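With compact mmCIF, N, CA and C atoms and all ligand atoms inside, this is final-v6.txt:
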```txt
# COMPACT_ATOMS: atom_id res chain seq x y z
N MET O 1 -2.38 16.94 -118.36
CA MET O 1 -1.19 16.28 -117.79
C MET O 1 0.07 16.73 -118.55
N GLN O 2 1.05 17.17 -117.81
CA GLN O 2 2.30 17.57 -118.44
C GLN O 2 3.17 16.34 -118.67
N ASN O 3 3.88 16.37 -119.75
CA ASN O 3 4.86 15.30 -119.98
C ASN O 3 5.98 15.45 -118.95
N LYS O 4 6.19 14.42 -118.18
CA LYS O 4 7.15 14.56 -117.08
C LYS O 4 8.58 14.76 -117.57
N TYR O 5 8.87 14.37 -118.82
CA TYR O 5 10.23 14.54 -119.32
C TYR O 5 10.49 15.96 -119.79
N ASN O 6 9.41 16.74 -119.95
CA ASN O 6 9.58 18.12 -120.36
C ASN O 6 9.45 19.10 -119.19
N THR O 7 9.11 18.56 -118.03
CA THR O 7 8.93 19.42 -116.87
C THR O 7 10.29 19.78 -116.28
N LYS O 8 10.43 21.03 -115.89
CA LYS O 8 11.68 21.46 -115.27
C LYS O 8 11.81 20.88 -113.86
N PRO O 9 13.04 20.49 -113.47
CA PRO O 9 13.24 19.91 -112.14
C PRO O 9 12.65 20.77 -111.03
N LYS O 10 12.86 22.08 -111.14
CA LYS O 10 12.37 22.99 -110.11
C LYS O 10 10.86 22.85 -109.93
N GLU O 11 10.15 22.69 -111.06
CA GLU O 11 8.69 22.58 -110.99
C GLU O 11 8.25 21.30 -110.31
N TYR O 12 8.89 20.18 -110.65
CA TYR O 12 8.39 18.98 -110.01
C TYR O 12 8.88 18.77 -108.58
N ILE O 13 10.01 19.40 -108.25
CA ILE O 13 10.42 19.37 -106.84
C ILE O 13 9.38 20.13 -106.01
N LEU O 14 8.99 21.30 -106.54
CA LEU O 14 8.00 22.12 -105.84
C LEU O 14 6.65 21.41 -105.79
N GLU O 15 6.27 20.80 -106.90
CA GLU O 15 5.00 20.05 -106.93
C GLU O 15 5.00 18.95 -105.88
N TYR O 16 6.12 18.26 -105.80
CA TYR O 16 6.22 17.16 -104.85
C TYR O 16 6.05 17.67 -103.41
N LEU O 17 6.75 18.77 -103.10
CA LEU O 17 6.67 19.31 -101.74
C LEU O 17 5.30 19.91 -101.44
N LYS O 18 4.69 20.49 -102.47
CA LYS O 18 3.34 21.03 -102.32
C LYS O 18 2.36 19.91 -101.99
N GLY O 19 2.56 18.77 -102.61
CA GLY O 19 1.71 17.62 -102.39
C GLY O 19 1.90 17.00 -101.01
N HIS O 20 2.97 17.37 -100.34
CA HIS O 20 3.26 16.84 -99.01
C HIS O 20 3.58 18.01 -98.08
N LYS O 21 2.67 19.00 -98.08
CA LYS O 21 3.02 20.24 -97.39
C LYS O 21 3.02 20.15 -95.87
N ASN O 22 2.53 19.06 -95.34
CA ASN O 22 2.58 18.91 -93.89
C ASN O 22 3.77 18.09 -93.43
N GLN O 23 4.72 17.91 -94.33
CA GLN O 23 5.90 17.14 -93.98
C GLN O 23 7.15 17.88 -94.43
N ARG O 24 8.27 17.56 -93.78
CA ARG O 24 9.51 18.12 -94.30
C ARG O 24 10.47 17.00 -94.66
N PHE O 25 11.34 17.28 -95.60
CA PHE O 25 12.17 16.24 -96.18
C PHE O 25 13.63 16.65 -96.25
N THR O 26 14.51 15.66 -96.18
CA THR O 26 15.92 15.92 -96.48
C THR O 26 16.05 15.85 -98.01
N ILE O 27 17.19 16.36 -98.50
CA ILE O 27 17.46 16.31 -99.93
C ILE O 27 17.40 14.86 -100.42
N LYS O 28 17.98 13.97 -99.64
CA LYS O 28 18.04 12.56 -100.03
C LYS O 28 16.63 11.94 -100.11
N GLU O 29 15.77 12.30 -99.18
CA GLU O 29 14.40 11.79 -99.20
C GLU O 29 13.65 12.29 -100.44
N MET O 30 13.86 13.57 -100.77
CA MET O 30 13.23 14.13 -101.97
C MET O 30 13.73 13.39 -103.20
N TYR O 31 15.03 13.19 -103.24
CA TYR O 31 15.65 12.49 -104.37
C TYR O 31 15.04 11.10 -104.55
N ASP O 32 14.99 10.33 -103.48
CA ASP O 32 14.45 8.96 -103.55
C ASP O 32 13.00 8.97 -104.04
N SER O 33 12.19 9.89 -103.50
CA SER O 33 10.77 9.93 -103.86
C SER O 33 10.57 10.37 -105.31
N ILE O 34 11.35 11.35 -105.74
CA ILE O 34 11.18 11.88 -107.09
C ILE O 34 11.65 10.85 -108.13
N ILE O 35 12.73 10.15 -107.81
CA ILE O 35 13.21 9.06 -108.67
C ILE O 35 12.12 7.98 -108.76
N ALA O 36 11.51 7.68 -107.62
CA ALA O 36 10.48 6.64 -107.58
C ALA O 36 9.26 7.00 -108.43
N LEU O 37 9.06 8.30 -108.64
CA LEU O 37 7.95 8.76 -109.49
C LEU O 37 8.29 8.66 -110.98
N GLY O 38 9.54 8.31 -111.25
CA GLY O 38 9.93 8.10 -112.64
C GLY O 38 10.66 9.28 -113.28
N PHE O 39 11.04 10.27 -112.48
CA PHE O 39 11.77 11.40 -113.04
C PHE O 39 13.25 11.08 -113.09
N ASP O 40 13.90 11.60 -114.13
CA ASP O 40 15.33 11.41 -114.28
C ASP O 40 16.02 12.64 -113.71
N ILE O 41 16.65 12.48 -112.56
CA ILE O 41 17.25 13.63 -111.89
C ILE O 41 18.44 13.14 -111.08
N ASN O 42 19.41 14.01 -110.86
CA ASN O 42 20.51 13.61 -109.96
C ASN O 42 20.53 14.49 -108.72
N LEU O 43 21.29 14.05 -107.75
CA LEU O 43 21.32 14.74 -106.45
C LEU O 43 21.75 16.20 -106.57
N ALA O 44 22.75 16.45 -107.43
CA ALA O 44 23.25 17.83 -107.57
C ALA O 44 22.16 18.77 -108.07
N THR O 45 21.33 18.26 -108.98
CA THR O 45 20.23 19.08 -109.52
C THR O 45 19.22 19.39 -108.42
N ILE O 46 18.93 18.39 -107.58
CA ILE O 46 18.00 18.62 -106.47
C ILE O 46 18.57 19.68 -105.52
N TYR O 47 19.83 19.52 -105.16
CA TYR O 47 20.49 20.48 -104.26
C TYR O 47 20.37 21.89 -104.79
N ARG O 48 20.72 22.07 -106.07
CA ARG O 48 20.73 23.40 -106.67
C ARG O 48 19.33 24.01 -106.67
N ASN O 49 18.35 23.22 -107.08
CA ASN O 49 16.99 23.73 -107.18
C ASN O 49 16.36 24.01 -105.81
N VAL O 50 16.66 23.13 -104.86
CA VAL O 50 16.12 23.33 -103.52
C VAL O 50 16.70 24.60 -102.90
N ASN O 51 18.01 24.83 -103.14
CA ASN O 51 18.64 26.06 -102.64
C ASN O 51 17.99 27.30 -103.24
N ASN O 52 17.71 27.24 -104.54
CA ASN O 52 17.05 28.38 -105.20
C ASN O 52 15.65 28.60 -104.66
N LEU O 53 14.91 27.49 -104.49
CA LEU O 53 13.54 27.61 -103.96
C LEU O 53 13.54 28.19 -102.55
N GLU O 54 14.58 27.83 -101.78
CA GLU O 54 14.66 28.37 -100.42
C GLU O 54 14.92 29.87 -100.46
N LYS O 55 15.83 30.29 -101.37
CA LYS O 55 16.13 31.72 -101.52
C LYS O 55 14.91 32.51 -101.94
N GLU O 56 14.07 31.88 -102.76
CA GLU O 56 12.84 32.55 -103.22
C GLU O 56 11.76 32.56 -102.14
N GLY O 57 12.04 31.91 -101.04
CA GLY O 57 11.07 31.89 -99.94
C GLY O 57 9.97 30.87 -100.11
N LYS O 58 10.15 29.94 -101.04
CA LYS O 58 9.10 28.95 -101.28
C LYS O 58 9.27 27.72 -100.39
N LEU O 59 10.47 27.56 -99.87
CA LEU O 59 10.72 26.44 -98.95
C LEU O 59 11.29 26.98 -97.66
N LEU O 60 10.94 26.28 -96.60
CA LEU O 60 11.46 26.63 -95.29
C LEU O 60 12.53 25.61 -94.95
N LYS O 61 13.74 26.11 -94.66
CA LYS O 61 14.83 25.21 -94.32
C LYS O 61 14.91 25.08 -92.81
N HIS O 62 15.08 23.86 -92.38
CA HIS O 62 15.25 23.64 -90.95
C HIS O 62 16.51 22.85 -90.72
N GLN O 63 17.44 23.50 -90.02
CA GLN O 63 18.71 22.83 -89.72
C GLN O 63 18.65 22.37 -88.27
N GLY O 64 18.47 21.08 -88.09
CA GLY O 64 18.37 20.54 -86.74
C GLY O 64 19.67 20.67 -85.98
N ALA O 65 19.57 21.01 -84.72
CA ALA O 65 20.76 21.15 -83.88
C ALA O 65 21.42 19.80 -83.66
N ASP O 66 20.62 18.75 -83.70
CA ASP O 66 21.11 17.42 -83.38
C ASP O 66 21.57 16.64 -84.62
N SER O 67 21.33 17.19 -85.80
CA SER O 67 21.74 16.44 -86.99
C SER O 67 22.33 17.38 -88.02
N LYS O 68 23.17 16.84 -88.89
CA LYS O 68 23.79 17.66 -89.92
C LYS O 68 22.85 17.84 -91.10
N CYS O 69 21.83 17.00 -91.18
CA CYS O 69 20.93 17.00 -92.32
C CYS O 69 19.88 18.10 -92.21
N ALA O 70 19.84 18.97 -93.20
CA ALA O 70 18.80 19.99 -93.23
C ALA O 70 17.55 19.38 -93.85
N THR O 71 16.40 19.85 -93.37
CA THR O 71 15.14 19.40 -93.98
C THR O 71 14.42 20.62 -94.55
N TYR O 72 13.56 20.36 -95.52
CA TYR O 72 12.85 21.42 -96.21
C TYR O 72 11.36 21.14 -96.22
N GLN O 73 10.62 22.22 -96.10
CA GLN O 73 9.17 22.10 -96.10
C GLN O 73 8.60 23.19 -97.00
N TYR O 74 7.54 22.85 -97.72
CA TYR O 74 6.89 23.82 -98.58
C TYR O 74 6.23 24.91 -97.73
N VAL O 75 6.45 26.16 -98.10
CA VAL O 75 5.84 27.27 -97.39
C VAL O 75 4.55 27.67 -98.09
N GLU O 76 3.44 27.44 -97.42
CA GLU O 76 2.16 27.74 -98.03
C GLU O 76 1.95 29.24 -98.16
N ASN O 77 2.33 29.93 -97.12
CA ASN O 77 2.34 31.39 -97.19
C ASN O 77 3.47 31.85 -96.29
N THR O 78 3.86 33.09 -96.42
CA THR O 78 5.04 33.57 -95.71
C THR O 78 4.85 33.57 -94.19
N ASP O 79 3.61 33.37 -93.76
CA ASP O 79 3.35 33.27 -92.32
C ASP O 79 4.19 32.18 -91.68
N CYS O 80 4.52 31.18 -92.47
CA CYS O 80 5.30 30.06 -91.95
C CYS O 80 6.65 30.51 -91.38
N LEU O 81 7.13 31.67 -91.83
CA LEU O 81 8.40 32.16 -91.32
C LEU O 81 8.23 32.82 -89.97
N ALA O 82 6.98 33.06 -89.58
CA ALA O 82 6.74 33.82 -88.36
C ALA O 82 5.94 33.06 -87.31
N HIS O 83 5.67 31.80 -87.56
CA HIS O 83 4.98 31.07 -86.51
C HIS O 83 5.62 29.72 -86.22
N PHE O 84 5.21 29.14 -85.12
CA PHE O 84 5.78 27.88 -84.68
C PHE O 84 5.15 26.71 -85.42
N HIS O 85 5.91 25.65 -85.50
CA HIS O 85 5.42 24.41 -86.09
C HIS O 85 5.58 23.26 -85.11
N PHE O 86 4.58 22.41 -85.15
CA PHE O 86 4.64 21.20 -84.34
C PHE O 86 4.86 20.03 -85.27
N GLU O 87 5.82 19.20 -84.91
CA GLU O 87 6.10 18.06 -85.77
C GLU O 87 5.88 16.76 -85.01
N CYS O 88 5.11 15.87 -85.63
CA CYS O 88 4.89 14.56 -85.02
C CYS O 88 6.11 13.69 -85.25
N ILE O 89 6.67 13.14 -84.18
CA ILE O 89 7.89 12.35 -84.31
C ILE O 89 7.60 10.98 -84.90
N LYS O 90 6.32 10.62 -84.99
CA LYS O 90 6.01 9.31 -85.53
C LYS O 90 5.65 9.36 -87.02
N CYS O 91 4.67 10.19 -87.39
CA CYS O 91 4.24 10.20 -88.80
C CYS O 91 4.81 11.39 -89.58
N GLY O 92 5.44 12.33 -88.88
CA GLY O 92 6.07 13.45 -89.59
C GLY O 92 5.15 14.60 -89.93
N LYS O 93 3.88 14.51 -89.51
CA LYS O 93 2.92 15.58 -89.80
C LYS O 93 3.36 16.88 -89.14
N VAL O 94 3.26 17.97 -89.89
CA VAL O 94 3.60 19.28 -89.35
C VAL O 94 2.34 20.13 -89.24
N SER O 95 2.10 20.68 -88.06
CA SER O 95 0.95 21.57 -87.86
C SER O 95 1.47 22.98 -87.61
N HIS O 96 0.65 23.96 -87.94
CA HIS O 96 1.04 25.35 -87.82
C HIS O 96 0.30 26.02 -86.66
N LEU O 97 1.04 26.75 -85.85
CA LEU O 97 0.41 27.50 -84.78
C LEU O 97 0.08 28.89 -85.31
N GLY O 98 -1.04 29.43 -84.87
CA GLY O 98 -1.46 30.75 -85.35
C GLY O 98 -0.47 31.85 -84.98
N TYR O 99 -0.57 32.94 -85.71
CA TYR O 99 0.33 34.07 -85.53
C TYR O 99 0.21 34.66 -84.12
N LYS O 100 -1.03 34.84 -83.67
CA LYS O 100 -1.26 35.43 -82.36
C LYS O 100 -0.72 34.53 -81.25
N GLU O 101 -1.03 33.24 -81.35
CA GLU O 101 -0.56 32.29 -80.36
C GLU O 101 0.97 32.25 -80.32
N THR O 102 1.58 32.29 -81.50
CA THR O 102 3.04 32.28 -81.57
C THR O 102 3.59 33.51 -80.86
N ASN O 103 2.99 34.66 -81.15
CA ASN O 103 3.47 35.90 -80.53
C ASN O 103 3.30 35.90 -79.02
N ASP O 104 2.17 35.37 -78.55
CA ASP O 104 1.95 35.26 -77.11
C ASP O 104 3.04 34.41 -76.48
N PHE O 105 3.35 33.32 -77.15
CA PHE O 105 4.35 32.40 -76.66
C PHE O 105 5.74 33.05 -76.66
N LEU O 106 6.06 33.77 -77.74
CA LEU O 106 7.35 34.46 -77.84
C LEU O 106 7.51 35.49 -76.72
N LYS O 107 6.41 36.20 -76.44
CA LYS O 107 6.42 37.22 -75.40
C LYS O 107 6.70 36.58 -74.03
N LEU O 108 6.02 35.45 -73.81
CA LEU O 108 6.19 34.72 -72.56
C LEU O 108 7.64 34.29 -72.36
N ILE O 109 8.23 33.71 -73.40
CA ILE O 109 9.62 33.26 -73.33
C ILE O 109 10.56 34.43 -73.09
N LYS O 110 10.28 35.52 -73.77
CA LYS O 110 11.13 36.70 -73.66
C LYS O 110 11.06 37.30 -72.25
N ASN O 111 9.85 37.37 -71.71
CA ASN O 111 9.68 37.96 -70.39
C ASN O 111 10.19 37.07 -69.27
N LYS O 112 10.05 35.77 -69.45
CA LYS O 112 10.45 34.84 -68.38
C LYS O 112 11.92 34.47 -68.47
N LEU O 113 12.41 34.26 -69.68
CA LEU O 113 13.76 33.72 -69.85
C LEU O 113 14.72 34.69 -70.53
N TYR O 114 14.22 35.85 -70.93
CA TYR O 114 15.01 36.82 -71.68
C TYR O 114 15.65 36.17 -72.90
N PHE O 115 14.84 35.36 -73.54
CA PHE O 115 15.35 34.60 -74.67
C PHE O 115 14.53 34.92 -75.92
N THR O 116 15.23 35.22 -77.00
CA THR O 116 14.52 35.50 -78.26
C THR O 116 14.55 34.25 -79.14
N VAL O 117 13.38 33.75 -79.44
CA VAL O 117 13.26 32.54 -80.23
C VAL O 117 13.07 32.89 -81.70
N GLU O 118 13.70 32.13 -82.57
CA GLU O 118 13.46 32.31 -84.01
C GLU O 118 12.42 31.29 -84.46
N PRO O 119 11.19 31.75 -84.70
CA PRO O 119 10.11 30.81 -85.02
C PRO O 119 10.41 29.94 -86.23
N GLN O 120 11.07 30.51 -87.24
CA GLN O 120 11.30 29.74 -88.46
C GLN O 120 12.24 28.56 -88.24
N ASN O 121 13.01 28.60 -87.13
CA ASN O 121 13.93 27.49 -86.86
C ASN O 121 13.45 26.62 -85.71
N THR O 122 12.23 26.85 -85.28
CA THR O 122 11.74 26.15 -84.11
C THR O 122 10.63 25.18 -84.44
N TYR O 123 10.92 23.93 -84.22
CA TYR O 123 9.91 22.89 -84.36
C TYR O 123 9.67 22.29 -82.99
N ILE O 124 8.43 22.22 -82.60
CA ILE O 124 8.10 21.60 -81.32
C ILE O 124 7.70 20.17 -81.64
N ARG O 125 8.44 19.25 -81.07
CA ARG O 125 8.26 17.86 -81.47
C ARG O 125 7.48 17.08 -80.43
N GLY O 126 6.61 16.21 -80.92
CA GLY O 126 5.78 15.42 -80.03
C GLY O 126 4.94 14.46 -80.84
N LEU O 127 3.76 14.16 -80.33
CA LEU O 127 2.89 13.20 -81.02
C LEU O 127 1.60 13.86 -81.44
N CYS O 128 1.18 13.61 -82.67
CA CYS O 128 -0.09 14.15 -83.13
C CYS O 128 -1.24 13.32 -82.53
N ASP O 129 -2.42 13.84 -82.72
CA ASP O 129 -3.61 13.21 -82.15
C ASP O 129 -3.74 11.75 -82.58
N LYS O 130 -3.47 11.53 -83.86
CA LYS O 130 -3.64 10.21 -84.45
C LYS O 130 -2.62 9.21 -83.91
N CYS O 131 -1.41 9.68 -83.65
CA CYS O 131 -0.31 8.79 -83.27
C CYS O 131 -0.23 8.55 -81.77
N LYS O 132 -0.91 9.36 -81.01
CA LYS O 132 -0.82 9.28 -79.55
C LYS O 132 -1.12 7.87 -79.03
N GLY O 133 -2.15 7.26 -79.59
CA GLY O 133 -2.60 5.99 -79.11
C GLY O 133 -1.73 4.80 -79.52
N VAL O 134 -0.92 5.01 -80.56
CA VAL O 134 -0.16 3.87 -81.09
C VAL O 134 1.33 4.04 -80.93
N PHE O 135 1.70 4.66 -79.85
CA PHE O 135 3.10 5.03 -79.62
C PHE O 135 3.92 3.87 -79.04
N ILE O 136 3.25 2.90 -78.48
CA ILE O 136 3.89 1.83 -77.72
C ILE O 136 5.01 1.11 -78.48
N ASN O 137 4.83 0.95 -79.77
CA ASN O 137 5.79 0.17 -80.55
C ASN O 137 7.07 0.91 -80.95
N LEU O 138 7.08 2.22 -80.77
CA LEU O 138 8.23 2.98 -81.24
C LEU O 138 9.45 2.76 -80.36
ZN ZN K 1 3.50 27.29 -90.98
ZN ZN K 2 1.49 11.52 -86.05
```
As structure tokens, the full file:
Amino acid sequence: MQNKYNTKPKEYILEYLKGHKNQRFTIKEMYDSIIALGFDINLATIYRNVNNLEKEGKLLKHQGADSKCATYQYVENTDCLAHFHFECIKCGKVSHLGYKETNDFLKLIKNKLYFTVEPQNTYIRGLCDKCKGVFINL
């Protein structure tokens, strides 16, 4: 066990996101969760480190068209930059579509709509298997 007071912010931000790799977070959400774990950190430090991690390709940034808040997700492998993601609007679970399926889909969109999609910025939103049955209350 590492002493949490000696751990670099960048390391525990990454650890936190690795531990929740099927979800994406805003800077504020990361801040709240990391503070709750007992780390002493401020928002500016999170911003700086998250920006660096994104530049290194360790995090995937998603800037929603409908909101000003960017969200970040841990990139398990660089394939995440080249395939589609499905996000559950209820529990936040993110699933990955295979490379071949993504390419088939991109081809279809291109041929039918003459539209080039950027997979890294595309989240398909809906309900996961688990949440489908309990949607009534939302
Ligand atoms: Zn992925
Ligand atoms: Zn769900």
**Prompt:** What residues have any atom no more than 5 Å from ligand ZN 2 (chain K) when counting only N, CA and C atoms and all ligand atoms, and can you list them as a PyMOL selection string?
**Reply:** chain O and resi 88+90-92+128+131
**Protein and nucleic residues near ligand ZN 1 (chain K), 6.5 Å, all atoms listed in the file, as number ranges by chain** = O: 76, 79-81, 83-85, 95-97
Next, dump the selected residues to file, keeping only N, CA and C atoms, as an mmCIF file, keeping the file's coordinate frame.
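Saved to out_6.cif:
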```
data_model
loop_
_atom_site.group_PDB
_atom_site.id
_atom_site.type_symbol
_atom_site.label_atom_id
_atom_site.label_comp_id
_atom_site.auth_asym_id
_atom_site.auth_seq_id
_atom_site.Cartn_x
_atom_site.Cartn_y
_atom_site.Cartn_z
ATOM 1 N N GLU O 76 3.440 27.440 -97.420
ATOM 2 C CA GLU O 76 2.160 27.740 -98.030
ATOM 3 C C GLU O 76 1.950 29.240 -98.160
ATOM 4 N N ASP O 79 3.610 33.370 -93.760
ATOM 5 C CA ASP O 79 3.350 33.270 -92.320
ATOM 6 C C ASP O 79 4.190 32.180 -91.680
ATOM 7 N N CYS O 80 4.520 31.180 -92.470
ATOM 8 C CA CYS O 80 5.300 30.060 -91.950
ATOM 9 C C CYS O 80 6.650 30.510 -91.380
ATOM 10 N N LEU O 81 7.130 31.670 -91.830
ATOM 11 C CA LEU O 81 8.400 32.160 -91.320
ATOM 12 C C LEU O 81 8.230 32.820 -89.970
ATOM 13 N N HIS O 83 5.670 31.800 -87.560
ATOM 14 C CA HIS O 83 4.980 31.070 -86.510
ATOM 15 C C HIS O 83 5.620 29.720 -86.220
ATOM 16 N N PHE O 84 5.210 29.140 -85.120
ATOM 17 C CA PHE O 84 5.780 27.880 -84.680
ATOM 18 C C PHE O 84 5.150 26.710 -85.420
ATOM 19 N N HIS O 85 5.910 25.650 -85.500
ATOM 20 C CA HIS O 85 5.420 24.410 -86.090
ATOM 21 C C HIS O 85 5.580 23.260 -85.110
ATOM 22 N N SER O 95 2.100 20.680 -88.060
ATOM 23 C CA SER O 95 0.950 21.570 -87.860
ATOM 24 C C SER O 95 1.470 22.980 -87.610
ATOM 25 N N HIS O 96 0.650 23.960 -87.940
ATOM 26 C CA HIS O 96 1.040 25.350 -87.820
ATOM 27 C C HIS O 96 0.300 26.020 -86.660
ATOM 28 N N LEU O 97 1.040 26.750 -85.850
ATOM 29 C CA LEU O 97 0.410 27.500 -84.780
ATOM 30 C C LEU O 97 0.080 28.890 -85.310
#
```
Report the closest atom pair, with its distance in Å rounded to one decimal, for each residue of segment 34-117 of chain O that has an atom no farther than 10 Å from segment 11-22 of chain O; count only C-alpha atoms, sort by chain and then rising residue number, and write it as a Markdown table.
```
| residue | atom | partner | partner_atom | distance |
| --- | --- | --- | --- | --- |
| O:Ile34 | CA | O:Ile13 | CA | 7.5 |
| O:Leu37 | CA | O:Tyr16 | CA | 9.8 |
| O:Phe39 | CA | O:Tyr12 | CA | 8.8 |
| O:Ile46 | CA | O:Ile13 | CA | 7.6 |
| O:Asn49 | CA | O:Ile13 | CA | 7.9 |
| O:Val50 | CA | O:Ile13 | CA | 7.7 |
| O:Leu53 | CA | O:Leu14 | CA | 8.0 |
| O:Lys58 | CA | O:Leu14 | CA | 8.3 |
| O:Leu59 | CA | O:Leu14 | CA | 8.6 |
| O:Tyr72 | CA | O:Leu17 | CA | 8.6 |
| O:Gln73 | CA | O:Lys21 | CA | 6.6 |
| O:Tyr74 | CA | O:Lys21 | CA | 5.4 |
| O:Val75 | CA | O:Lys21 | CA | 7.6 |
| O:Glu76 | CA | O:Lys21 | CA | 7.6 |
| O:His85 | CA | O:Asn22 | CA | 10.0 |
| O:Glu87 | CA | O:Asn22 | CA | 8.9 |
| O:Gly92 | CA | O:Asn22 | CA | 7.8 |
| O:Lys93 | CA | O:Asn22 | CA | 5.3 |
| O:Val94 | CA | O:Asn22 | CA | 4.7 |
| O:Ser95 | CA | O:Asn22 | CA | 6.8 |
| O:His96 | CA | O:Asn22 | CA | 9.0 |
```
**Message:** What's the separation between atom CA of Asn51 of chain O and atom C of Lys8 of chain O, in Å to one decimal place?
**Reply:** 14.1 Å
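Each of O:Pro9, O:Leu127, O:Glu118, O:Lys107 was checked against Ile41 of chain O using all atoms listed in the file; the smallest atom-to-atom distance is that of O:Pro9.
Comparing the minimum interatomic distances between Ala44 of chain O and each of O:His62, O:Arg125, O:Lys112, O:Lys28, counting only C-alpha atoms, we find that O:Lys28 sits nearest.
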**Asked** Between atom CA of Thr7 of chain O and atom CA of Asp40 of chain O, what is the spacing in Å?
**Response**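 Taking atom CA of Asp40 of chain O and atom CA of Thr7 of chain O, their separation equals 10.6 Å.
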**Message:** Using DSSP secondary structure from the backbone, list all strand (DSSP E) positions within chain O, as a ChimeraX atom specification.
**Reply:** /O:25-26,59-63,70-74,85-88,94-96,123-126
**Request:** In Å, rounded to a single decimal, give me how far atom N of Arg24 of chain O is from atom C of Gly133 of chain O.
**Result:** 21.6 Å
**Item:** Polymer residues at most 6.5 Å from (18.0, 16.9, -93.7) by all atoms listed in the file, as a PyMOL selection string
**Value:** chain O and resi 25-27+68-72
**Item:** DSSP-assigned helix (DSSP H, G or I) members of chain O, reported as a PyMOL selection string
**Value:** chain O and resi 9-19+27-36+43-55+78-81+99-113+119-121+129-132
**Item:** Residue nearest Pro119 of chain O - candidates O:Glu29, O:Glu54, O:Ala82, O:Gly98, atoms counted: only C-alpha atoms
**Value:**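 Using only C-alpha atoms, Pro119 of chain O sits closest to O:Ala82.
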